[in-house]
Amino acid sequence: CAAVMVAAVSEAPSAVAPSASGEGDGQADPAPSGLPVRATFLHRPRPPGDAVVRSRLLEALDRGLDLSASLVCAPAGFGKSIIVSQWAEAIDRPVAWVALDPAIDDPRWFVMHLAEAIRRIVPGALEVTTQMASAPEFPDVRAVVTELSNELEELSQPVVVVLDDFHNVASPAVNEMVAELIQHPAEQVHVVIVSRQEPSLPIGRLRLRGQIAELRMADLAFERDEIELFAEQQLH
């Protein structure tokens with residue numbers, strides 16, 4: 001379904017980073033941007049050493065790079081994050097990874113973590129967006145997403161942004177921001193959305209426009225040769 005346009009004003013961010021339960025659990029990570037972010041939300045999960053390399057899925061993600069976004073959507077247990085992480089290791093573009101959590105399901109916290117993830121791979125990027133995220137009063141969401149989009153367009157190199165665990169997003173404003181970014185994509189940015197359930201984003205519209213690649217449960221299910229390879233690896 002289409003995202004809802006929301007203008008939000010939040011309180012100034014705390015100097016304590018959010019925990020997975022939504023409460024502060026210590027001093028925020030000393031991020032290069034100066035934003036109080038949880039570093040663990042920016043870590044790409046490392047694939048297990050015995051994970052099967054599923055070439056057909058990696059190739060499908062490769063083909064999606066020419067589009068504005070990719071969606072990897074299936075219930076828990078289908079190896080979504082492992083596959084995307086394997087792919088991230090193999091491509092020649094820097095990857096910004098954000099593991100979305102209820103603790104940062106808020107426009108200000110979302111922008112803080114997204115900006116920091118990108119600044120870690122493109123130092124000095126998103127200066128104005130970073131300032132807006134750390135302002136005493138968070139600006140109108142439309143103003144923030146407009147500046148974010150403009151600064152993404154100015155990135156010095158192509159990048160991939162992975163939004164993992166997107167099923168944790170319930171905020172209409174966060175959905176609106178992501179919808180705007182993938183419907184009006186910056187040329188230098190490819191967004192990968194990883195979710196256990198259908199995201200509240202205009203996926204049908206993007207599909208009709210040919211702007212999104214999709215890996216669904218049927219795609220992620222193991223094929224016979226992959227099962228045989230997995231069994232063979234387990235025996236060694």
# chains A, B, ... in the order shown; residues from 1 in each chain; ligands from 1

call {"tool": "select_by_dssp", "arguments": {"residues": "stretch 35-180 of chain A", "states": "alpha helix (DSSP H)", "output": "number ranges by chain"}}
result
A: 55-64, 80-90, 107-121, 127-133, 141-153, 172-180

call {"tool": "residues_around", "arguments": {"residues": "stretch 114-119 of chain A", "least_positions_apart": "3", "cutoff": "9 Å", "atoms": "only C-alpha atoms", "output": "JSON, numbers by chain"}}
result
{"A": [31, 32, 33, 34, 35, 37, 42, 95, 96, 97, 98, 109, 110, 111, 122, 123, 124, 125, 126, 127, 129, 130, 133, 148, 159, 161, 163]}

call {"tool": "write_last_selection", "arguments": {"atoms": "N, CA, C and O atoms", "output": "tab-separated table (two decimals), in the first residue's frame"}}
result
chain	number	residue	atom	x	y	z
A	31	ALA	N	30.30	8.11	16.77
A	31	ALA	CA	30.28	8.07	15.32
A	31	ALA	C	31.04	9.25	14.72
A	31	ALA	O	31.08	10.33	15.30
A	32	PRO	N	31.65	9.04	13.52
A	32	PRO	CA	32.35	10.14	12.86
A	32	PRO	C	31.46	11.35	12.63
A	32	PRO	O	31.92	12.49	12.65
A	33	SER	N	30.16	11.12	12.43
A	33	SER	CA	29.24	12.23	12.20
A	33	SER	C	28.91	12.99	13.47
A	33	SER	O	28.36	14.08	13.43
A	34	GLY	N	29.22	12.39	14.64
A	34	GLY	CA	28.83	12.99	15.90
A	34	GLY	C	27.43	12.62	16.32
A	34	GLY	O	26.97	13.01	17.39
A	35	LEU	N	26.71	11.85	15.48
A	35	LEU	CA	25.36	11.43	15.83
A	35	LEU	C	25.39	10.28	16.82
A	35	LEU	O	26.24	9.40	16.73
A	37	VAL	N	24.51	7.01	17.58
A	37	VAL	CA	23.93	5.84	16.93
A	37	VAL	C	24.38	4.56	17.63
A	37	VAL	O	25.40	4.54	18.31
A	42	LEU	N	24.56	-1.15	12.56
A	42	LEU	CA	25.23	-0.85	11.29
A	42	LEU	C	26.17	-1.96	10.86
A	42	LEU	O	26.92	-1.80	9.90
A	95	VAL	N	28.95	-0.94	0.53
A	95	VAL	CA	27.61	-1.25	1.02
A	95	VAL	C	27.41	-0.65	2.40
A	95	VAL	O	28.20	-0.89	3.31
A	96	ALA	N	26.35	0.13	2.54
A	96	ALA	CA	25.93	0.65	3.85
A	96	ALA	C	24.80	-0.25	4.34
A	96	ALA	O	23.81	-0.46	3.64
A	97	TRP	N	24.96	-0.79	5.56
A	97	TRP	CA	23.99	-1.76	6.09
A	97	TRP	C	23.34	-1.18	7.33
A	97	TRP	O	24.01	-0.76	8.26
A	98	VAL	N	22.01	-1.16	7.36
A	98	VAL	CA	21.26	-0.74	8.55
A	98	VAL	C	20.30	-1.85	8.93
A	98	VAL	O	19.43	-2.24	8.14
A	109	TRP	N	15.67	8.91	14.45
A	109	TRP	CA	16.62	7.82	14.67
A	109	TRP	C	16.93	7.09	13.36
A	109	TRP	O	18.06	6.67	13.13
A	110	PHE	N	15.93	6.93	12.50
A	110	PHE	CA	16.16	6.29	11.21
A	110	PHE	C	17.16	7.08	10.39
A	110	PHE	O	18.13	6.52	9.84
A	111	VAL	N	16.95	8.39	10.28
A	111	VAL	CA	17.86	9.22	9.49
A	111	VAL	C	19.26	9.23	10.09
A	111	VAL	O	20.26	9.19	9.37
A	122	VAL	N	31.27	6.55	2.63
A	122	VAL	CA	31.58	7.75	1.84
A	122	VAL	C	31.82	8.89	2.83
A	122	VAL	O	30.90	9.66	3.15
A	123	PRO	N	33.04	9.00	3.36
A	123	PRO	CA	33.32	10.03	4.37
A	123	PRO	C	32.98	11.43	3.88
A	123	PRO	O	33.23	11.79	2.73
A	124	GLY	N	32.35	12.20	4.77
A	124	GLY	CA	32.01	13.58	4.44
A	124	GLY	C	30.68	13.75	3.74
A	124	GLY	O	30.26	14.89	3.49
A	125	ALA	N	30.02	12.65	3.42
A	125	ALA	CA	28.73	12.75	2.73
A	125	ALA	C	27.62	13.19	3.68
A	125	ALA	O	27.75	13.12	4.90
A	126	LEU	N	26.52	13.64	3.11
A	126	LEU	CA	25.27	13.94	3.84
A	126	LEU	C	25.47	14.93	4.99
A	126	LEU	O	24.89	14.79	6.06
A	127	GLU	N	26.26	15.95	4.76
A	127	GLU	CA	26.53	16.93	5.81
A	127	GLU	C	25.26	17.64	6.28
A	127	GLU	O	25.02	17.76	7.49
A	129	THR	N	22.07	16.76	5.81
A	129	THR	CA	21.13	15.80	6.39
A	129	THR	C	21.52	15.47	7.83
A	129	THR	O	20.67	15.37	8.72
A	130	THR	N	22.82	15.31	8.07
A	130	THR	CA	23.31	15.03	9.42
A	130	THR	C	22.98	16.17	10.37
A	130	THR	O	22.58	15.95	11.51
A	133	ALA	N	19.31	16.05	11.23
A	133	ALA	CA	18.97	14.96	12.15
A	133	ALA	C	19.34	15.29	13.58
A	133	ALA	O	18.72	14.78	14.52
A	148	LEU	N	17.95	14.83	1.93
A	148	LEU	CA	18.61	13.52	1.87
A	148	LEU	C	18.72	13.05	0.42
A	148	LEU	O	19.78	12.60	-0.03
A	159	VAL	N	26.74	3.50	-4.56
A	159	VAL	CA	26.70	2.74	-3.31
A	159	VAL	C	25.43	1.90	-3.26
A	159	VAL	O	24.46	2.15	-3.99
A	161	VAL	N	22.62	0.55	-0.41
A	161	VAL	CA	22.10	0.71	0.96
A	161	VAL	C	21.18	-0.47	1.25
A	161	VAL	O	20.18	-0.67	0.55
A	163	LEU	N	18.61	-2.14	3.81
A	163	LEU	CA	17.72	-1.92	4.95
A	163	LEU	C	17.21	-3.29	5.38
A	163	LEU	O	16.23	-3.81	4.83

call {"tool": "residues_around", "arguments": {"residues": "stretch 196-213 of chain A", "least_positions_apart": "4", "cutoff": "12 Å", "atoms": "only C-alpha atoms", "output": "number ranges by chain"}}
result
A: 1-5, 57, 59-81, 163-185, 190-192, 217, 219

call {"tool": "write_last_selection", "arguments": {"atoms": "C-alpha atoms", "output": "mmCIF file, in the first residue's frame"}}
result
data_model
loop_
_atom_site.group_PDB
_atom_site.id
_atom_site.type_symbol
_atom_site.label_atom_id
_atom_site.label_comp_id
_atom_site.auth_asym_id
_atom_site.auth_seq_id
_atom_site.Cartn_x
_atom_site.Cartn_y
_atom_site.Cartn_z
ATOM 1 C CA CYS A 1 0.000 0.000 0.000
ATOM 2 C CA ALA A 2 1.150 3.534 -0.550
ATOM 3 C CA ALA A 3 2.955 5.146 2.335
ATOM 4 C CA VAL A 4 1.307 7.980 4.230
ATOM 5 C CA MET A 5 2.766 11.471 4.074
ATOM 6 C CA LEU A 57 20.256 -15.634 -6.290
ATOM 7 C CA GLU A 59 23.071 -13.175 -10.103
ATOM 8 C CA ALA A 60 19.474 -12.038 -9.625
ATOM 9 C CA LEU A 61 20.657 -9.387 -7.160
ATOM 10 C CA ASP A 62 23.345 -8.347 -9.646
ATOM 11 C CA ARG A 63 20.707 -7.776 -12.310
ATOM 12 C CA GLY A 64 18.748 -5.601 -9.917
ATOM 13 C CA LEU A 65 21.639 -3.167 -9.500
ATOM 14 C CA ASP A 66 20.480 -1.246 -12.576
ATOM 15 C CA LEU A 67 17.114 -0.569 -10.912
ATOM 16 C CA SER A 68 16.289 1.749 -8.031
ATOM 17 C CA ALA A 69 15.641 -1.024 -5.500
ATOM 18 C CA SER A 70 15.551 -4.733 -4.745
ATOM 19 C CA LEU A 71 13.151 -6.479 -2.369
ATOM 20 C CA VAL A 72 14.080 -9.742 -0.648
ATOM 21 C CA CYS A 73 10.910 -10.879 1.105
ATOM 22 C CA ALA A 74 10.161 -14.227 2.787
ATOM 23 C CA PRO A 75 9.367 -15.578 6.266
ATOM 24 C CA ALA A 76 12.079 -16.245 8.831
ATOM 25 C CA GLY A 77 14.405 -19.129 8.051
ATOM 26 C CA PHE A 78 14.853 -18.565 4.318
ATOM 27 C CA GLY A 79 18.349 -17.086 4.668
ATOM 28 C CA LYS A 80 17.519 -13.629 3.353
ATOM 29 C CA SER A 81 20.199 -11.706 5.251
ATOM 30 C CA LEU A 163 17.720 -1.917 4.953
ATOM 31 C CA ASP A 164 17.585 -5.236 6.800
ATOM 32 C CA ASP A 165 14.710 -6.385 9.035
ATOM 33 C CA PHE A 166 12.329 -3.951 7.357
ATOM 34 C CA HIS A 167 9.409 -5.808 8.963
ATOM 35 C CA ASN A 168 10.296 -3.883 12.143
ATOM 36 C CA VAL A 169 9.210 -0.611 10.518
ATOM 37 C CA ALA A 170 5.761 0.511 11.661
ATOM 38 C CA SER A 171 6.249 4.279 11.520
ATOM 39 C CA PRO A 172 4.275 5.846 8.642
ATOM 40 C CA ALA A 173 6.901 8.593 8.425
ATOM 41 C CA VAL A 174 9.792 6.130 8.028
ATOM 42 C CA ASN A 175 7.824 4.232 5.380
ATOM 43 C CA GLU A 176 7.164 7.533 3.626
ATOM 44 C CA MET A 177 10.862 8.417 3.594
ATOM 45 C CA VAL A 178 11.884 5.076 2.124
ATOM 46 C CA ALA A 179 9.047 5.198 -0.418
ATOM 47 C CA GLU A 180 10.212 8.619 -1.606
ATOM 48 C CA LEU A 181 13.819 7.443 -1.901
ATOM 49 C CA ILE A 182 12.981 4.416 -4.046
ATOM 50 C CA GLN A 183 10.252 6.064 -6.163
ATOM 51 C CA HIS A 184 12.531 9.005 -6.988
ATOM 52 C CA PRO A 185 15.915 7.292 -6.795
ATOM 53 C CA HIS A 190 20.604 1.175 -5.031
ATOM 54 C CA VAL A 191 18.405 0.257 -2.051
ATOM 55 C CA VAL A 192 17.927 -3.354 -0.943
ATOM 56 C CA MET A 217 9.757 -17.179 -0.964
ATOM 57 C CA ASP A 219 12.872 -17.891 -5.345
#

call {"tool": "select_by_dssp", "arguments": {"residues": "stretch 83-227 of chain A", "states": "strand (DSSP E)", "output": "VMD selection string"}}
result
chain A and resid 95 to 99 159 to 164 189 to 195 212 to 215

call {"tool": "write_last_selection", "arguments": {"atoms": "C-alpha atoms", "output": "short mmCIF file (atom, residue, chain, number, x, y, z; two decimals), in the first residue's frame"}}
result
data_model
loop_
_atom_site.label_atom_id
_atom_site.label_comp_id
_atom_site.auth_asym_id
_atom_site.auth_seq_id
_atom_site.Cartn_x
_atom_site.Cartn_y
_atom_site.Cartn_z
CA VAL A 95 27.61 -1.25 1.02
CA ALA A 96 25.93 0.65 3.85
CA TRP A 97 23.99 -1.76 6.09
CA VAL A 98 21.26 -0.74 8.55
CA ALA A 99 19.56 -3.40 10.67
CA VAL A 159 26.70 2.74 -3.31
CA VAL A 160 24.28 0.09 -2.10
CA VAL A 161 22.10 0.71 0.96
CA VAL A 162 20.70 -2.41 2.65
CA LEU A 163 17.72 -1.92 4.95
CA ASP A 164 17.58 -5.24 6.80
CA VAL A 189 22.16 4.64 -4.89
CA HIS A 190 20.60 1.18 -5.03
CA VAL A 191 18.40 0.26 -2.05
CA VAL A 192 17.93 -3.35 -0.94
CA ILE A 193 14.98 -4.01 1.37
CA VAL A 194 15.06 -7.25 3.37
CA SER A 195 11.83 -8.17 5.13
CA ILE A 212 12.36 -2.99 -8.54
CA ALA A 213 13.83 -6.49 -8.56
CA GLU A 214 12.22 -9.07 -6.27
CA LEU A 215 13.28 -12.28 -4.57
#

call {"tool": "closest_residue", "arguments": {"among": "A:Ser149, A:Glu223, A:Val128, A:Asp101", "to": "A:Arg54", "atoms": "only C-alpha atoms"}}
result
A:Glu223

call {"tool": "closest_residue", "arguments": {"among": "A:Leu155, A:Ala51, A:Met112, A:Val141", "to": "A:Pro94", "atoms": "only C-alpha atoms"}}
result
A:Leu155

call {"tool": "closest_residue", "arguments": {"among": "A:Glu151, A:Asp50, A:Asp225, A:Asp105", "to": "A:Ile82", "atoms": "only C-alpha atoms"}}
result
A:Asp50

call {"tool": "residues_around", "arguments": {"residues": "A:Gln86", "least_positions_apart": "5", "cutoff": "9 Å", "atoms": "only C-alpha atoms", "output": "list in words"}}
result
Arg46, Pro47, Val53, Leu58 and Ser81 of chain A

call {"tool": "write_last_selection", "arguments": {"atoms": "C-alpha atoms", "output": "compact mmCIF listing (two decimals), in the first residue's frame"}}
result
# COMPACT_ATOMS: atom_id res chain seq x y z
CA ARG A 46 28.84 -12.33 8.38
CA PRO A 47 27.65 -15.41 6.48
CA VAL A 53 26.77 -20.06 -2.26
CA LEU A 58 23.47 -13.62 -6.35
CA SER A 81 20.20 -11.71 5.25

call {"tool": "closest_residue", "arguments": {"among": "A:Pro102, A:Thr40, A:Leu220, A:Val144", "to": "A:Ser55", "atoms": "only C-alpha atoms"}}
result
A:Leu220

call {"tool": "closest_residue", "arguments": {"among": "A:Pro36, A:Leu229, A:Val145, A:Arg120", "to": "A:Met132", "atoms": "only C-alpha atoms"}}
result
A:Val145

call {"tool": "atom_distance", "arguments": {"atom1": "atom CA of A:Arg56", "atom2": "atom CA of A:Glu89"}}
result
15.7 Å
